[in-house]
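This report concerns only the one structure given below.
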Amino acid sequence: MSSEETPDIKTSINLLLGASVGILIGGFIGAVFLITHPVKVVTDVPDKYEPAMHYVLKGRTNGGDAWKFKATELQDGNGEVTFLETELNRWAASFKTDYPAEKASLYIEPQRPVFRLEGDKLLVSAPAVTAFGAWKRTITLSLEGEFVPDQSTLRIEPDKLYLGSFRVPGPAKDLIWKHISASYKIDEEFESLWSTVGTANIHESQLILTAKR
């Protein structure tokens, strides 16, 4: 290799590094913009969608007083029980969070989730307090996913996960969801009832639970 070629190689490497850093910075700025960009939370599917707006379908929470009776039926061995969206949200109202008073410099603290059963889809949304240093903002978390078996119980596995309007990509989605889901504490009664569920399927905006055999 001649000495005349060396500056060209160094220049190319510097340009490549500079371009990579620029891409990373641009990607970070773009992600922050989407995370903090307002979303539109609606309870009904809109006739028209605004361009570049992320819509979140929020579940209905009024009513659902039959949830405990149905849950007891399932626990007593009834093979299959159908829950409406309002009943699921009443059942899940026991989800609690307990965050430390002293915060890290970067954190996200999801609040009570609300479930939406839309056709054959499971949608979940929740407000979340997030901060980076002195910057603090309440954003909307939302996901589309399904119930999957996990050892002795069922858990939610997201196909899509959004922080605000930002869709979390690939492996980061699983890591962030693991952190979010670990934030929720479930009371013993709910945990006991949920442990009796063998499968959970969504059909025609209803949750069909079957007991373990």
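For the structure tokens, the naming scheme is as follows: chains receive sequential letters (A, B, ...) according to their order of presentation, residues are indexed from 1 within each chain, and ligands are indexed from 1 in presentation order.
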Query raised in the report: Residues at most 7 Å from Val81 in chain A, counting only C-alpha atoms, excluding those fewer than 3 positions away in the same chain, as a list in words?
Result: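 Near neighbours after the sequence-gap exclusion: Lys70, Leu74, Ile208, Leu209 and Thr210 of chain A.
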Write a file of the selected residues as a CSV table (one decimal), in the first residue's frame, keeping N, CA and C atoms.
chain,number,residue,atom,x,y,z
A,70,LYS,N,-68.7,-14.6,36.3
A,70,LYS,CA,-68.1,-15.4,35.2
A,70,LYS,C,-66.8,-15.9,35.6
A,74,LEU,N,-65.6,-19.9,35.9
A,74,LEU,CA,-64.4,-20.5,35.3
A,74,LEU,C,-63.6,-21.2,36.3
A,208,ILE,N,-62.9,-15.2,24.8
A,208,ILE,CA,-63.4,-16.5,25.2
A,208,ILE,C,-62.3,-17.2,25.9
A,209,LEU,N,-62.6,-17.5,27.2
A,209,LEU,CA,-61.6,-18.2,28.1
A,209,LEU,C,-62.0,-19.6,28.3
A,210,THR,N,-61.1,-20.5,28.3
A,210,THR,CA,-61.4,-21.9,28.6
A,210,THR,C,-60.5,-22.3,29.8
Write out as a tab-separated table the residues of range 37-111 of chain A that have any atom within 7 Å of an atom of range 175-187 of chain A, one row each with the nearest atom pair and its distance in Å to one decimal, counting only C-alpha atoms, sorted by chain and then rising number.
residue	atom	partner	partner_atom	distance
A:Ser94	CA	A:Asp187	CA	6.4
A:Phe95	CA	A:Ile186	CA	5.1
A:Lys96	CA	A:Lys185	CA	5.0
A:Thr97	CA	A:Tyr184	CA	5.2
A:Pro110	CA	A:Ile180	CA	6.6
Just to be explicit: take each residue in the selection above, keep N, CA and C atoms, and write the result as a short mmCIF file (atom, residue, chain, number, x, y, z; two decimals), in the first residue's frame.
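Result written to selection-v1.cif:
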data_model
loop_
_atom_site.label_atom_id
_atom_site.label_comp_id
_atom_site.auth_asym_id
_atom_site.auth_seq_id
_atom_site.Cartn_x
_atom_site.Cartn_y
_atom_site.Cartn_z
N SER A 94 -57.85 -4.38 38.98
CA SER A 94 -57.03 -4.62 40.16
C SER A 94 -55.54 -4.41 39.88
N PHE A 95 -55.17 -4.15 38.63
CA PHE A 95 -53.75 -3.91 38.31
C PHE A 95 -53.26 -2.68 39.07
N LYS A 96 -52.16 -2.81 39.76
CA LYS A 96 -51.60 -1.72 40.53
C LYS A 96 -50.16 -1.44 40.09
N THR A 97 -49.71 -0.23 40.38
CA THR A 97 -48.32 0.12 40.14
C THR A 97 -47.75 0.76 41.40
N PRO A 110 -45.79 3.29 33.28
CA PRO A 110 -47.15 3.10 32.77
C PRO A 110 -48.17 3.09 33.90
#
Query raised in the report: Tell me, which residues of range 34-169 of chain A carry DSSP strand (DSSP E), written as a VMD selection string?
Result: chain A and resid 40 to 42 55 to 57 80 to 83 96 to 97 106 to 110 114 to 118 121 to 132 135 to 150 153 to 163 166 to 167
Query - Residue set, range 4-211 of chain A restricted to helix (DSSP H, G or I), as JSON, numbers by chain - result: {"A": [6, 7, 8, 9, 10, 11, 12, 13, 14, 15, 16, 17, 18, 19, 20, 21, 22, 23, 24, 25, 26, 27, 28, 29, 30, 31, 32, 33, 34, 35, 36, 67, 68, 69, 70, 71, 72, 73, 74, 75, 85, 86, 87, 88, 89, 90, 91, 92, 93, 94, 170, 171, 172, 173, 174, 175, 176, 177, 178, 179, 180, 181, 182, 188, 189, 190, 191, 192, 193, 194]}
Query raised in the report: Any idea what's packed within 10 Å of range 51-61 of chain A, counting only C-alpha atoms, ignoring anything in its chain fewer than 5 positions away? Could you give it as an MDAnalysis selection string?
Result: chainID A and resid 34 37:46 84:90 93 113:118 123:126 140:143 162 164:167
Counting only C-alpha atoms, which residues in range 48-144 of chain A sit no more than 8 Å from range 189-195 of chain A? For each one, give the nearest pair of atoms and the distance in Å, sorted by chain then residue number, as JSON lines.
{"residue": "A:Ala71", "atom": "CA", "partner": "A:Leu193", "partner_atom": "CA", "distance": 6.6}
{"residue": "A:Thr72", "atom": "CA", "partner": "A:Leu193", "partner_atom": "CA", "distance": 7.6}
{"residue": "A:Leu74", "atom": "CA", "partner": "A:Leu193", "partner_atom": "CA", "distance": 7.9}
{"residue": "A:Gln75", "atom": "CA", "partner": "A:Leu193", "partner_atom": "CA", "distance": 6.1}
{"residue": "A:Trp91", "atom": "CA", "partner": "A:Phe190", "partner_atom": "CA", "distance": 7.6}
{"residue": "A:Ala92", "atom": "CA", "partner": "A:Phe190", "partner_atom": "CA", "distance": 7.8}
{"residue": "A:Ser94", "atom": "CA", "partner": "A:Phe190", "partner_atom": "CA", "distance": 7.3}
Could you write those residues out with C-alpha atoms, as a PDB file, in the first residue's frame?
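Just written: out-v2.pdb:
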ATOM      1  CA  ALA A  71     -64.659 -15.585  36.718  1.00  0.00           C
ATOM      2  CA  THR A  72     -65.992 -17.754  39.552  1.00  0.00           C
ATOM      3  CA  LEU A  74     -64.394 -20.488  35.275  1.00  0.00           C
ATOM      4  CA  GLN A  75     -62.615 -21.204  38.545  1.00  0.00           C
ATOM      5  CA  TRP A  91     -61.640  -7.687  36.052  1.00  0.00           C
ATOM      6  CA  ALA A  92     -58.333  -6.001  35.236  1.00  0.00           C
ATOM      7  CA  SER A  94     -57.026  -4.621  40.162  1.00  0.00           C
TER       8      SER A  94
END
Query raised in the report: Between A:Gly198, A:Gly145, A:Gly133, A:Pro158, which one has atoms that come closest to Ser105 in chain A, using only C-alpha atoms?
Result: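 When distances to Ser105 in chain A are compared using only C-alpha atoms, the smallest one comes from A:Gly133.
Among the candidates A:Lys173, A:Val168, A:Val197, A:Lys68, the residue lying nearest to Val148 in chain A is A:Val197 (atoms considered: only C-alpha atoms).
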Query raised in the report: What gap, in Å, lies between CA of Ala200 in chain A and CA of Ala66 in chain A?
Result: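 So the two atoms, CA of Ala200 in chain A and CA of Ala66 in chain A, lie 18.1 Å apart.
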Query raised in the report: Between A:Thr82, A:Arg137, A:Pro100, A:Thr196, which has the minimum distance to Ser152 in chain A (counting only C-alpha atoms)?
Result: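 For Ser152 in chain A, the nearest of the given residues is A:Thr196.
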Query raised in the report: By how many Å are CA of Lys160 in chain A and CA of Glu144 in chain A apart?
Result: 5.2 Å
Requested in this report: May I ask which of the residues A:Thr199, A:Asn62, A:Gln206, A:Gln111 is the closest one to Asp150 in chain A, counting only C-alpha atoms?
Outcome: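 Ranking A:Thr199, A:Asn62, A:Gln206, A:Gln111 by distance to Asp150 in chain A, first place goes to A:Thr199.
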Query raised in the report: Interatomic distance between CA of Ile202 in chain A and CA of Arg112 in chain A?
Result: 21.3 Å
